[in-house]
Amino acid sequence: MRLSLPDALTRRGPPSTGWSALLMLASLALLLAAVVARPELHMIFFAVAAALAGLAAVQRDRMRDRDRSLSVGRAMIEACDRNGVAALILDDAGLPQITNRSCADLFDRLALASHLTDAMQGAPEATTVTVPDLTGQARSLMLVALPRGRRLAVVQAAADPLPVGPADGRDALLQLLDAVPVAMMEVAADGAILHANPEARRLLQLARDPPPLDELLEGLGLPIGARLTDLAEGRTRGGTETARQRRVAKEAYLQLGLRLAGPEFGDRIIAVLSDATELKALEAKFVQSQKMQAVGQLAGGVAHDFNNLLTAISGHCDLLLLRHHRGDSDYGDLVQIRQNTNRAAALVRQLLAFSRKQTLQLSVFQLRDILSELTHLMDRLLGANVTLRMVHGQDLHRVRVDRRQLEQVVMNLVVNARDAMPAGGEVQVETRNTRFETETVRDRARIHAGDYVQIDVRDRGVGIPPDQIEKIFEPFFTTKPPSEGTGLGLSTVYGIVKQSGGFIFVDSSEGEGTCFTIYLPAYTGPAEAAAEPDALAPIIRKSEAGGTILLVEDEVPVRSFAARALQLRGYQVIEAGTGEEALEKLADAPSAVDLVVSDIMLPGLDGPGWVRAALESHGPLRVIFISGYSESVLEDRELGLIHTRLLQKPFSLQDLSDVVADQIQSGKMTEIEPGARGFMVQ
Ligand SMILES: Nc1ncnc2c1ncn2[C@@H]1O[C@H](COP(=O)(O)OP(=O)(O)OP(=O)(O)O)[C@@H](O)[C@H]1O
Ligand SMILES: [Mg+2]
């Protein structure tokens with residue numbers, strides 16, 4: 001037969017100190033016998049040790065008993081604390097014995113003690129007492145009896161009805177359980193729910209006849225059933241863990257605290273529950289963002305090395321192509337190598353975009369202009385049964401972006417929208433000005449206060465299931481067949497938007513559609529003289545003028561290709577593998593160096609570092625930097641170099657010779673701009 005909680009209160013179990021006392025008596029007897037029989041000295045020593053061990057055991061058992069008898073009370077005041085409710089345990093003299101933090105914040109301990117001892121003189125076991133808090137406001141404390149003369153006191157909200165019965169302390173304990181604004185249950189060791197307070201019933205949506213606890217909840221580590229038996233059999237002391245709710249449609253988590261109710265209650269267990277769904281979601285987001293960061297770092301690192309390899313492959317292929325004419329039997333194979341290198345380079349660019357480590361060619365634009373020019377291409381991509389609708393806001397702010405990258409962002413989103421509407425429909429691209437008056441937090445991102453230009457790309461397609469929405473920005477996450485999607489589209493979008501100082505969010509409901517929202521910071525700086533020439537426009541070949549070029553690159557295959565390419569174009573090339581070597585070669589150069597072509601990342605002195613030193617010691621130079629990395633890398637070092645050109649890896653023979661000819665003919669000398677921040681790409 002099961003005891004109810006009030007019954008259990010009256011039940012007196014055998015003293016758990018019995019065995020320890022017996023042990024102590026046996027040790028003393030042994031000691032006596034040892035002394036009377038004049039044994040060896042070590043026998044006496046053992047006997048004394050045994051006696052001490054017995055004493056220690058008694059003491060330990062006493063402490064454990066005391067501890068266990070406080071279990072229910074402790075569980076309650078801790079649970080109250082988590083909900084900001086002040087609660088405390090009073091000893092048999094009415095003095096505060098254990099207070100929770102909310103209680104310590106609300107009352108002066110001494111004043112509380114004196115009020116309580118006065119008020120409890122002759123008061124029934126269960127009662128209410130009014131005590132002023134630190135601000136002088138009267139607070140009503142509900143008191144109920146605990147075993148061994150102790151009492152539990154909980155501060156009631158002003159609106160709480162008094163749940164305490166006339167004088168019956170045991171019933172009051174159950175009433176207290178029901179009155180505490182925290183989900184609590186009394187559970188048997190086999191998981192049967194003996195009593196659940198209204199909060200617990202609401203949280204678990206319990207019916208009149210609740211199933212056992214382990215059918216309601218699933219432990220994330222140990223099964224709930226095993227936790228209960230371990231606790232009841234004294235193998236653990238309980239604690240709080242997260243559990244998943246089994247019988248609900250949505251993913252829901254609870255924090256489940258389990259404690260033994262104490263010896264007076266048999267093997268009953270008090271379960272304290274609180275909703276942990278939000279906490280769990282936050283944790284999942286945190287793990288996700290860490291993962292994204294790790295993948296980003298990895299992708300960035302791999303991409304950097306790949307760019308060096310691809311530059312060497314495509315460069316040497318270009319050199320070979322110079323020697324093979326169209327009619328040549330090898331020509332076709334070489335063209336194949338070159339095309340595949342270009343494809344690999346495009347893939348690496350996407351990885352770099354995701355890891356936000358690509359070079360952005362930033363310029364100030366009107367978004368409307370970029371999107372309008374893209375309309376034709378988007379229409380073609382969308383096909384016959386999907387239409388595009390553009391809606392532009394009035395007087396849009398300008399934005400400072402990399403035009404080509406932003407085009408890629410919009411294209412990727414529009415193509416995804418198309419794919420989400422296999423039966424056709426409309427993709428809407430809408431722009432407008434948006435202002436955040438204060439810092440705004442959305443999906444863990446902090447949007448600084450200020451002006452933004454908002455771009456919405458909306459479709460009425462299949463939508464994204466909630467369990468996938470967290471993953472869509474991950475590289476290689478795709479729900480499309482291998483031939484149709486690489487899963488790099490959105491990760492590229494994410495990287496570009498982030499690197500441009502913007503934010504991207506997604507709203508989606510299954511079967512109804514999806515809306516991606518981008519906020520790009522409005523450009524408020526001075527008007528730039530003119531936007532950069534259209535990067536897509538064909539580069540006009542310059543006639544090669546000849547001259548001496550100092551080529552600084554630590555990757556030997558890249559350097560050997562670049563040197564040969566430049567020599568073929570009629571330049572004298574001085575090669576160096578490090579910044580230090582470059583400074584030496586510059587000092588020893590037999591003739592004036594017309595141009596420096598230097599990698600940015602070099603062992604020892606990096607590109608910008610040695611160029612600064614050279615400008616100071618040697619005087620004006622024309623400079624081209626080669627980068628496999630990003631503008632942010634340069635900004636971090638506060639370069640302040642102006643009139644330099646940037647050539648991004650991987651580059652072809654044509655790219656290299658065009659940029660070199662261009663820079664030599666421009667006549668612009670690189671200068672150090674004191675105090676300037678950032679790298680200016682012209
Ligand atoms: N507008 C959308 N509606 C529904 N699902 C979408 C939408 N946009 C993206 N998704 C989902 O996100 C996944 C990842 O998109 P992402 O653009 O990164 O890769 P992909 O489109 O599958 O492949 P890729 O863009 O590399 O060709 C898609 O496979 C799809 O499941
Ligand atoms: Mg895509």
# chains A, B, ... in the order shown; residues from 1 in each chain; ligands from 1
$ residues_near_ligand --ligand "ligand 1" --cutoff "6 Å" --atoms "only C-alpha atoms and all ligand atoms" --output "list in words"
Asn416, Ala417, Ala420, Gly461, Val462, Gly463, Ile464, Ile472, Phe473, Phe477, Thr478, Thr479, Lys480, Gly485, Thr486, Gly487, Leu488, Gly489, Leu490, Ser491 and Thr514 of chain A
$ residues_around --residues "Arg645 (chain A)" --least-positions-apart "3" --cutoff "12 Å" --atoms "only C-alpha atoms" --output "ChimeraX atom specification"
/A:361,595-600,622-627,641-642,648,656,658-664,666,668-670,679-682
$ write_last_selection --atoms "N, CA, C and O atoms" --output "compact mmCIF listing (two decimals), in the first residue's frame"
# COMPACT_ATOMS: atom_id res chain seq x y z
N GLN A 361 35.34 44.33 -53.53
CA GLN A 361 35.65 45.57 -54.25
C GLN A 361 34.50 46.52 -53.95
O GLN A 361 33.50 46.55 -54.66
N LEU A 595 57.81 48.73 -61.11
CA LEU A 595 56.58 48.24 -60.47
C LEU A 595 56.90 47.10 -59.49
O LEU A 595 57.79 46.31 -59.76
N VAL A 596 56.18 47.10 -58.42
CA VAL A 596 56.31 46.00 -57.47
C VAL A 596 55.03 45.18 -57.53
O VAL A 596 53.93 45.73 -57.47
N VAL A 597 55.15 43.86 -57.68
CA VAL A 597 53.99 42.97 -57.58
C VAL A 597 54.27 42.07 -56.38
O VAL A 597 55.21 41.29 -56.39
N SER A 598 53.46 42.22 -55.33
CA SER A 598 53.77 41.48 -54.10
C SER A 598 52.55 40.78 -53.52
O SER A 598 51.44 41.35 -53.49
N ASP A 599 52.76 39.57 -53.07
CA ASP A 599 51.71 38.86 -52.33
C ASP A 599 51.50 39.59 -51.01
O ASP A 599 52.42 40.23 -50.50
N ILE A 600 50.30 39.51 -50.48
CA ILE A 600 50.05 40.19 -49.18
C ILE A 600 50.54 39.33 -48.03
O ILE A 600 51.22 39.79 -47.13
N ARG A 622 55.38 52.05 -57.66
CA ARG A 622 54.03 51.63 -58.07
C ARG A 622 53.84 50.21 -57.51
O ARG A 622 54.76 49.41 -57.63
N VAL A 623 52.66 49.96 -56.94
CA VAL A 623 52.50 48.67 -56.26
C VAL A 623 51.21 47.95 -56.69
O VAL A 623 50.15 48.57 -56.79
N ILE A 624 51.36 46.65 -56.92
CA ILE A 624 50.18 45.78 -57.07
C ILE A 624 50.29 44.70 -55.99
O ILE A 624 51.34 44.07 -55.86
N PHE A 625 49.23 44.55 -55.25
CA PHE A 625 49.22 43.45 -54.28
C PHE A 625 48.47 42.27 -54.86
O PHE A 625 47.45 42.45 -55.55
N ILE A 626 48.95 41.08 -54.56
CA ILE A 626 48.23 39.86 -54.95
C ILE A 626 47.59 39.33 -53.67
O ILE A 626 48.25 39.26 -52.64
N SER A 627 46.32 38.98 -53.79
CA SER A 627 45.64 38.53 -52.56
C SER A 627 44.92 37.22 -52.76
O SER A 627 44.22 37.02 -53.76
N LEU A 641 47.77 52.70 -47.12
CA LEU A 641 48.51 52.83 -48.39
C LEU A 641 47.50 53.19 -49.46
O LEU A 641 46.44 52.55 -49.55
N ILE A 642 47.81 54.19 -50.24
CA ILE A 642 46.87 54.52 -51.31
C ILE A 642 47.55 54.34 -52.67
O ILE A 642 48.77 54.25 -52.74
N GLN A 648 43.38 39.50 -57.45
CA GLN A 648 42.97 38.38 -56.61
C GLN A 648 43.34 37.04 -57.21
O GLN A 648 43.20 36.83 -58.41
N LEU A 656 46.96 39.06 -65.14
CA LEU A 656 48.20 39.61 -64.60
C LEU A 656 48.78 40.66 -65.55
O LEU A 656 49.09 41.79 -65.14
N ASP A 658 47.32 42.39 -67.85
CA ASP A 658 46.48 43.58 -67.98
C ASP A 658 46.66 44.53 -66.80
O ASP A 658 46.81 45.73 -66.97
N VAL A 659 46.66 43.95 -65.61
CA VAL A 659 46.73 44.81 -64.42
C VAL A 659 48.12 45.46 -64.30
O VAL A 659 48.24 46.62 -63.92
N VAL A 660 49.14 44.71 -64.72
CA VAL A 660 50.50 45.26 -64.67
C VAL A 660 50.63 46.42 -65.66
O VAL A 660 51.09 47.52 -65.32
N ALA A 661 50.16 46.20 -66.89
CA ALA A 661 50.25 47.25 -67.90
C ALA A 661 49.48 48.48 -67.45
O ALA A 661 49.94 49.62 -67.57
N ASP A 662 48.33 48.22 -66.89
CA ASP A 662 47.46 49.30 -66.44
C ASP A 662 48.13 50.16 -65.37
O ASP A 662 48.12 51.38 -65.42
N GLN A 663 48.74 49.47 -64.41
CA GLN A 663 49.33 50.19 -63.27
C GLN A 663 50.59 50.96 -63.72
O GLN A 663 50.84 52.06 -63.26
N ILE A 664 51.35 50.36 -64.63
CA ILE A 664 52.55 51.06 -65.09
C ILE A 664 52.16 52.31 -65.87
O ILE A 664 52.71 53.39 -65.68
N SER A 666 49.34 53.98 -65.60
CA SER A 666 48.57 54.96 -64.80
C SER A 666 49.48 56.03 -64.23
O SER A 666 49.06 57.15 -63.97
N LYS A 668 50.48 56.26 -61.35
CA LYS A 668 50.18 56.59 -59.95
C LYS A 668 51.15 55.88 -59.01
O LYS A 668 51.33 54.68 -59.09
N MET A 669 51.75 56.65 -58.14
CA MET A 669 52.71 56.11 -57.19
C MET A 669 52.00 55.82 -55.87
O MET A 669 51.20 56.63 -55.41
N THR A 670 52.35 54.73 -55.28
CA THR A 670 51.76 54.39 -53.99
C THR A 670 52.34 55.30 -52.91
O THR A 670 53.53 55.60 -52.92
N PHE A 679 42.20 49.84 -46.75
CA PHE A 679 42.91 49.63 -47.99
C PHE A 679 42.02 50.16 -49.10
O PHE A 679 40.85 49.86 -49.17
N MET A 680 42.57 51.01 -49.91
CA MET A 680 41.73 51.59 -50.96
C MET A 680 41.97 50.88 -52.28
O MET A 680 43.06 50.91 -52.81
N VAL A 681 40.92 50.23 -52.72
CA VAL A 681 41.04 49.58 -54.02
C VAL A 681 40.53 50.55 -55.05
O VAL A 681 39.44 51.06 -54.95
N GLN A 682 41.35 50.87 -56.01
CA GLN A 682 40.90 51.86 -56.99
C GLN A 682 40.13 51.21 -58.12
O GLN A 682 40.52 50.19 -58.60
$ select_by_dssp --residues "region 475-603 of chain A" --states "strand (DSSP E)" --output "PyMOL selection string"
chain A and resi 503-509+513-521+547-552+571-576+595-599
$ select_by_dssp --residues "region 427-543 of chain A" --states "helix (DSSP H, G or I)" --output "PyMOL selection string"
chain A and resi 466-469+489-499
$ closest_residue --among "A:Cys515, A:Ser657, A:Asp133, A:Ala111" --to "Arg569 (chain A)" --atoms "only C-alpha atoms"
A:Ser657
$ residues_around --residues "region 191-201 of chain A" --least-positions-apart "4" --cutoff "9 Å" --atoms "only C-alpha atoms" --output "ChimeraX atom specification"
/A:4-5,174-175,177-187,205-207,209-215,224-225,228-229,272-274
$ write_last_selection --atoms "N, CA and C atoms" --output "mmCIF file, in the first residue's frame"
data_model
loop_
_atom_site.group_PDB
_atom_site.id
_atom_site.type_symbol
_atom_site.label_atom_id
_atom_site.label_comp_id
_atom_site.auth_asym_id
_atom_site.auth_seq_id
_atom_site.Cartn_x
_atom_site.Cartn_y
_atom_site.Cartn_z
ATOM 1 N N SER A 4 0.261 8.218 1.373
ATOM 2 C CA SER A 4 0.148 9.552 0.790
ATOM 3 C C SER A 4 1.133 10.444 1.537
ATOM 4 N N LEU A 5 1.320 11.621 1.051
ATOM 5 C CA LEU A 5 2.320 12.495 1.656
ATOM 6 C C LEU A 5 2.027 12.801 3.128
ATOM 7 N N LEU A 174 0.519 19.609 1.413
ATOM 8 C CA LEU A 174 -0.002 19.384 0.055
ATOM 9 C C LEU A 174 -0.579 20.663 -0.506
ATOM 10 N N GLN A 175 -1.239 21.416 0.372
ATOM 11 C CA GLN A 175 -1.796 22.692 -0.087
ATOM 12 C C GLN A 175 -0.669 23.610 -0.551
ATOM 13 N N LEU A 177 2.220 22.663 -1.718
ATOM 14 C CA LEU A 177 2.684 22.150 -3.014
ATOM 15 C C LEU A 177 1.804 22.729 -4.124
ATOM 16 N N ASP A 178 0.512 22.798 -3.833
ATOM 17 C CA ASP A 178 -0.431 23.307 -4.831
ATOM 18 C C ASP A 178 -0.360 24.819 -4.980
ATOM 19 N N ALA A 179 0.061 25.481 -3.886
ATOM 20 C CA ALA A 179 0.052 26.942 -3.936
ATOM 21 C C ALA A 179 1.332 27.524 -4.518
ATOM 22 N N VAL A 180 2.438 26.751 -4.418
ATOM 23 C CA VAL A 180 3.713 27.273 -4.904
ATOM 24 C C VAL A 180 3.632 27.464 -6.417
ATOM 25 N N PRO A 181 4.086 28.614 -6.893
ATOM 26 C CA PRO A 181 3.932 28.878 -8.334
ATOM 27 C C PRO A 181 4.979 28.156 -9.180
ATOM 28 N N VAL A 182 5.265 26.934 -8.835
ATOM 29 C CA VAL A 182 6.294 26.170 -9.519
ATOM 30 C C VAL A 182 5.733 24.771 -9.743
ATOM 31 N N ALA A 183 6.025 24.191 -10.914
ATOM 32 C CA ALA A 183 5.501 22.858 -11.190
ATOM 33 C C ALA A 183 6.223 21.825 -10.321
ATOM 34 N N MET A 184 5.471 21.147 -9.442
ATOM 35 C CA MET A 184 6.070 20.144 -8.551
ATOM 36 C C MET A 184 5.186 18.923 -8.490
ATOM 37 N N MET A 185 5.813 17.772 -8.322
ATOM 38 C CA MET A 185 5.046 16.535 -8.232
ATOM 39 C C MET A 185 5.663 15.622 -7.193
ATOM 40 N N GLU A 186 4.803 14.779 -6.646
ATOM 41 C CA GLU A 186 5.301 13.722 -5.776
ATOM 42 C C GLU A 186 5.267 12.447 -6.617
ATOM 43 N N VAL A 187 6.414 11.791 -6.702
ATOM 44 C CA VAL A 187 6.534 10.641 -7.612
ATOM 45 C C VAL A 187 7.049 9.438 -6.817
ATOM 46 N N GLN A 205 0.305 19.074 -19.245
ATOM 47 C CA GLN A 205 -1.056 18.821 -19.779
ATOM 48 C C GLN A 205 -1.557 17.472 -19.280
ATOM 49 N N LEU A 206 -1.525 17.302 -17.968
ATOM 50 C CA LEU A 206 -1.867 16.008 -17.380
ATOM 51 C C LEU A 206 -3.374 15.800 -17.306
ATOM 52 N N ALA A 207 -3.781 14.580 -17.611
ATOM 53 C CA ALA A 207 -5.190 14.224 -17.457
ATOM 54 C C ALA A 207 -5.396 13.776 -16.008
ATOM 55 N N ASP A 209 -5.858 10.834 -14.755
ATOM 56 C CA ASP A 209 -5.065 9.648 -14.424
ATOM 57 C C ASP A 209 -3.732 9.701 -15.161
ATOM 58 N N PRO A 210 -2.761 10.346 -14.604
ATOM 59 C CA PRO A 210 -1.533 10.545 -15.397
ATOM 60 C C PRO A 210 -0.736 9.254 -15.557
ATOM 61 N N PRO A 211 -0.087 9.080 -16.699
ATOM 62 C CA PRO A 211 0.787 7.917 -16.891
ATOM 63 C C PRO A 211 2.063 8.099 -16.065
ATOM 64 N N PRO A 212 2.872 7.045 -15.914
ATOM 65 C CA PRO A 212 4.119 7.206 -15.157
ATOM 66 C C PRO A 212 5.026 8.269 -15.782
ATOM 67 N N LEU A 213 5.917 8.815 -14.955
ATOM 68 C CA LEU A 213 6.764 9.922 -15.384
ATOM 69 C C LEU A 213 7.599 9.584 -16.625
ATOM 70 N N ASP A 214 8.127 8.326 -16.659
ATOM 71 C CA ASP A 214 9.007 8.005 -17.798
ATOM 72 C C ASP A 214 8.247 7.821 -19.106
ATOM 73 N N GLU A 215 6.894 7.762 -19.020
ATOM 74 C CA GLU A 215 6.134 7.763 -20.271
ATOM 75 C C GLU A 215 5.878 9.185 -20.750
ATOM 76 N N ILE A 224 14.624 8.199 -17.596
ATOM 77 C CA ILE A 224 14.037 8.732 -16.361
ATOM 78 C C ILE A 224 13.880 7.613 -15.323
ATOM 79 N N GLY A 225 13.422 6.418 -15.797
ATOM 80 C CA GLY A 225 13.195 5.294 -14.881
ATOM 81 C C GLY A 225 14.465 4.968 -14.110
ATOM 82 N N LEU A 228 15.240 7.516 -11.462
ATOM 83 C CA LEU A 228 14.374 7.396 -10.275
ATOM 84 C C LEU A 228 14.860 6.263 -9.377
ATOM 85 N N THR A 229 15.168 5.097 -9.962
ATOM 86 C CA THR A 229 15.601 3.973 -9.117
ATOM 87 C C THR A 229 16.965 4.264 -8.484
ATOM 88 N N VAL A 272 10.694 18.544 -9.507
ATOM 89 C CA VAL A 272 10.447 19.960 -9.773
ATOM 90 C C VAL A 272 10.668 20.181 -11.267
ATOM 91 N N LEU A 273 9.694 20.815 -11.907
ATOM 92 C CA LEU A 273 9.773 20.942 -13.372
ATOM 93 C C LEU A 273 9.773 22.403 -13.795
ATOM 94 N N SER A 274 10.520 22.707 -14.809
ATOM 95 C CA SER A 274 10.376 24.033 -15.417
ATOM 96 C C SER A 274 10.609 23.924 -16.912
#
$ residues_around --residues "Ser114 (chain A)" --least-positions-apart "6" --cutoff "10 Å" --atoms "only C-alpha atoms" --output "MDAnalysis selection string"
chainID A and resid 94:96 131
$ write_last_selection --atoms "C-alpha atoms" --output "CSV table (one decimal), in the first residue's frame"
chain,number,residue,atom,x,y,z
A,94,GLY,CA,11.4,29.8,14.4
A,95,LEU,CA,14.8,31.1,13.3
A,96,PRO,CA,15.7,31.2,9.6
A,131,VAL,CA,6.6,40.7,7.7
$ closest_residue --among "A:Ala281, A:Ala592, A:Val493, A:Leu653" --to "Gln567 (chain A)" --atoms "only C-alpha atoms"
A:Leu653
$ atom_distance --atom1 "CA of Leu282 (chain A)" --atom2 "CA of Ala87 (chain A)"
29.2 Å
$ residues_around --residues "region 563-565 of chain A" --least-positions-apart "3" --cutoff "8 Å" --atoms "only C-alpha atoms" --output "PyMOL selection string"
chain A and resi 319+551+559-560+568-569+573+575+653+657
$ closest_residue --among "A:Phe476, A:Asp554, A:Gly238, A:Leu566" --to "Glu581 (chain A)" --atoms "only C-alpha atoms"
A:Asp554
$ residues_around --residues "Glu78 (chain A)" --least-positions-apart "5" --cutoff "9 Å" --atoms "only C-alpha atoms" --output "JSON, numbers by chain"
{"A": [73, 83, 87, 100, 101]}
$ write_last_selection --atoms "N, CA and C atoms" --output "compact mmCIF listing (two decimals), in the first residue's frame"
# COMPACT_ATOMS: atom_id res chain seq x y z
N GLY A 73 11.92 20.49 1.73
CA GLY A 73 12.01 21.92 1.94
C GLY A 73 13.01 22.57 1.00
N ASN A 83 12.02 30.73 -9.71
CA ASN A 83 10.88 31.50 -10.20
C ASN A 83 10.78 32.86 -9.51
N ALA A 87 11.58 32.21 -0.37
CA ALA A 87 11.15 31.11 0.50
C ALA A 87 12.29 30.79 1.46
N ASN A 100 16.47 31.22 0.53
CA ASN A 100 16.91 31.27 -0.87
C ASN A 100 17.33 32.69 -1.23
N ARG A 101 17.90 32.85 -2.43
CA ARG A 101 18.48 34.15 -2.77
C ARG A 101 17.39 35.24 -2.88
$ closest_residue --among "A:Ala423, A:Ala249, A:Leu413, A:Leu388" --to "ligand 2" --atoms "only C-alpha atoms and all ligand atoms"
A:Leu413
$ residues_around --residues "Ser617 (chain A)" --least-positions-apart "5" --cutoff "12 Å" --atoms "only C-alpha atoms" --output "ChimeraX atom specification"
/A:583-584,586-587,610-612
$ write_last_selection --atoms "all heavy atoms" --output "mmCIF file, in the first residue's frame"
data_model
loop_
_atom_site.group_PDB
_atom_site.id
_atom_site.type_symbol
_atom_site.label_atom_id
_atom_site.label_comp_id
_atom_site.auth_asym_id
_atom_site.auth_seq_id
_atom_site.Cartn_x
_atom_site.Cartn_y
_atom_site.Cartn_z
ATOM 1 N N LEU A 583 63.344 43.761 -49.937
ATOM 2 C CA LEU A 583 64.003 45.027 -49.559
ATOM 3 C C LEU A 583 65.468 45.021 -50.010
ATOM 4 O O LEU A 583 65.966 46.031 -50.529
ATOM 5 C CB LEU A 583 63.912 45.237 -48.043
ATOM 6 C CG LEU A 583 62.537 45.700 -47.530
ATOM 7 C CD1 LEU A 583 62.484 45.675 -45.997
ATOM 8 C CD2 LEU A 583 62.196 47.086 -48.049
ATOM 9 N N GLU A 584 66.107 43.852 -49.831
ATOM 10 C CA GLU A 584 67.512 43.746 -50.260
ATOM 11 C C GLU A 584 67.638 43.906 -51.781
ATOM 12 O O GLU A 584 68.449 44.671 -52.283
ATOM 13 C CB GLU A 584 68.084 42.370 -49.892
ATOM 14 C CG GLU A 584 68.487 42.261 -48.434
ATOM 15 C CD GLU A 584 68.790 40.811 -48.067
ATOM 16 O OE1 GLU A 584 69.143 40.016 -48.974
ATOM 17 O OE2 GLU A 584 68.656 40.474 -46.879
ATOM 18 N N LEU A 586 65.636 45.275 -53.802
ATOM 19 C CA LEU A 586 65.272 46.632 -54.210
ATOM 20 C C LEU A 586 66.483 47.557 -54.075
ATOM 21 O O LEU A 586 66.764 48.382 -54.951
ATOM 22 C CB LEU A 586 64.115 47.149 -53.342
ATOM 23 C CG LEU A 586 63.438 48.428 -53.800
ATOM 24 C CD1 LEU A 586 62.728 48.222 -55.130
ATOM 25 C CD2 LEU A 586 62.409 48.888 -52.758
ATOM 26 N N ALA A 587 67.200 47.371 -52.953
ATOM 27 C CA ALA A 587 68.375 48.224 -52.712
ATOM 28 C C ALA A 587 69.483 47.942 -53.739
ATOM 29 O O ALA A 587 70.198 48.853 -54.154
ATOM 30 C CB ALA A 587 68.886 48.001 -51.299
ATOM 31 N N TRP A 610 56.494 45.302 -45.813
ATOM 32 C CA TRP A 610 57.770 45.594 -46.480
ATOM 33 C C TRP A 610 57.624 46.744 -47.468
ATOM 34 O O TRP A 610 58.548 47.534 -47.669
ATOM 35 C CB TRP A 610 58.388 44.337 -47.104
ATOM 36 C CG TRP A 610 57.909 43.959 -48.485
ATOM 37 C CD1 TRP A 610 57.003 43.020 -48.798
ATOM 38 C CD2 TRP A 610 58.357 44.519 -49.725
ATOM 39 N NE1 TRP A 610 56.823 42.956 -50.147
ATOM 40 C CE2 TRP A 610 57.659 43.871 -50.749
ATOM 41 C CE3 TRP A 610 59.266 45.518 -50.068
ATOM 42 C CZ2 TRP A 610 57.831 44.167 -52.088
ATOM 43 C CZ3 TRP A 610 59.444 45.820 -51.421
ATOM 44 C CH2 TRP A 610 58.719 45.146 -52.418
ATOM 45 N N VAL A 611 56.400 46.885 -48.057
ATOM 46 C CA VAL A 611 56.189 48.003 -48.993
ATOM 47 C C VAL A 611 56.296 49.340 -48.246
ATOM 48 O O VAL A 611 56.911 50.292 -48.727
ATOM 49 C CB VAL A 611 54.834 47.862 -49.726
ATOM 50 C CG1 VAL A 611 54.466 49.153 -50.453
ATOM 51 C CG2 VAL A 611 54.903 46.715 -50.739
ATOM 52 N N ARG A 612 55.734 49.395 -47.067
ATOM 53 C CA ARG A 612 55.849 50.627 -46.261
ATOM 54 C C ARG A 612 57.316 50.949 -46.000
ATOM 55 O O ARG A 612 57.749 52.097 -46.162
ATOM 56 C CB ARG A 612 55.136 50.455 -44.912
ATOM 57 C CG ARG A 612 53.636 50.541 -45.001
ATOM 58 C CD ARG A 612 53.032 50.280 -43.632
ATOM 59 N NE ARG A 612 53.118 51.487 -42.810
ATOM 60 C CZ ARG A 612 52.103 52.341 -42.697
ATOM 61 N NH1 ARG A 612 50.974 52.123 -43.320
ATOM 62 N NH2 ARG A 612 52.231 53.417 -41.953
#
$ closest_residue --among "A:Gly495, A:Gly393, A:Gly424, A:Gly327" --to "Gln405 (chain A)" --atoms "only C-alpha atoms"
A:Gly495
$ closest_residue --among "A:Leu351, A:Val415, A:Ile504, A:Ile455" --to "ligand 2" --atoms "only C-alpha atoms and all ligand atoms"
A:Val415
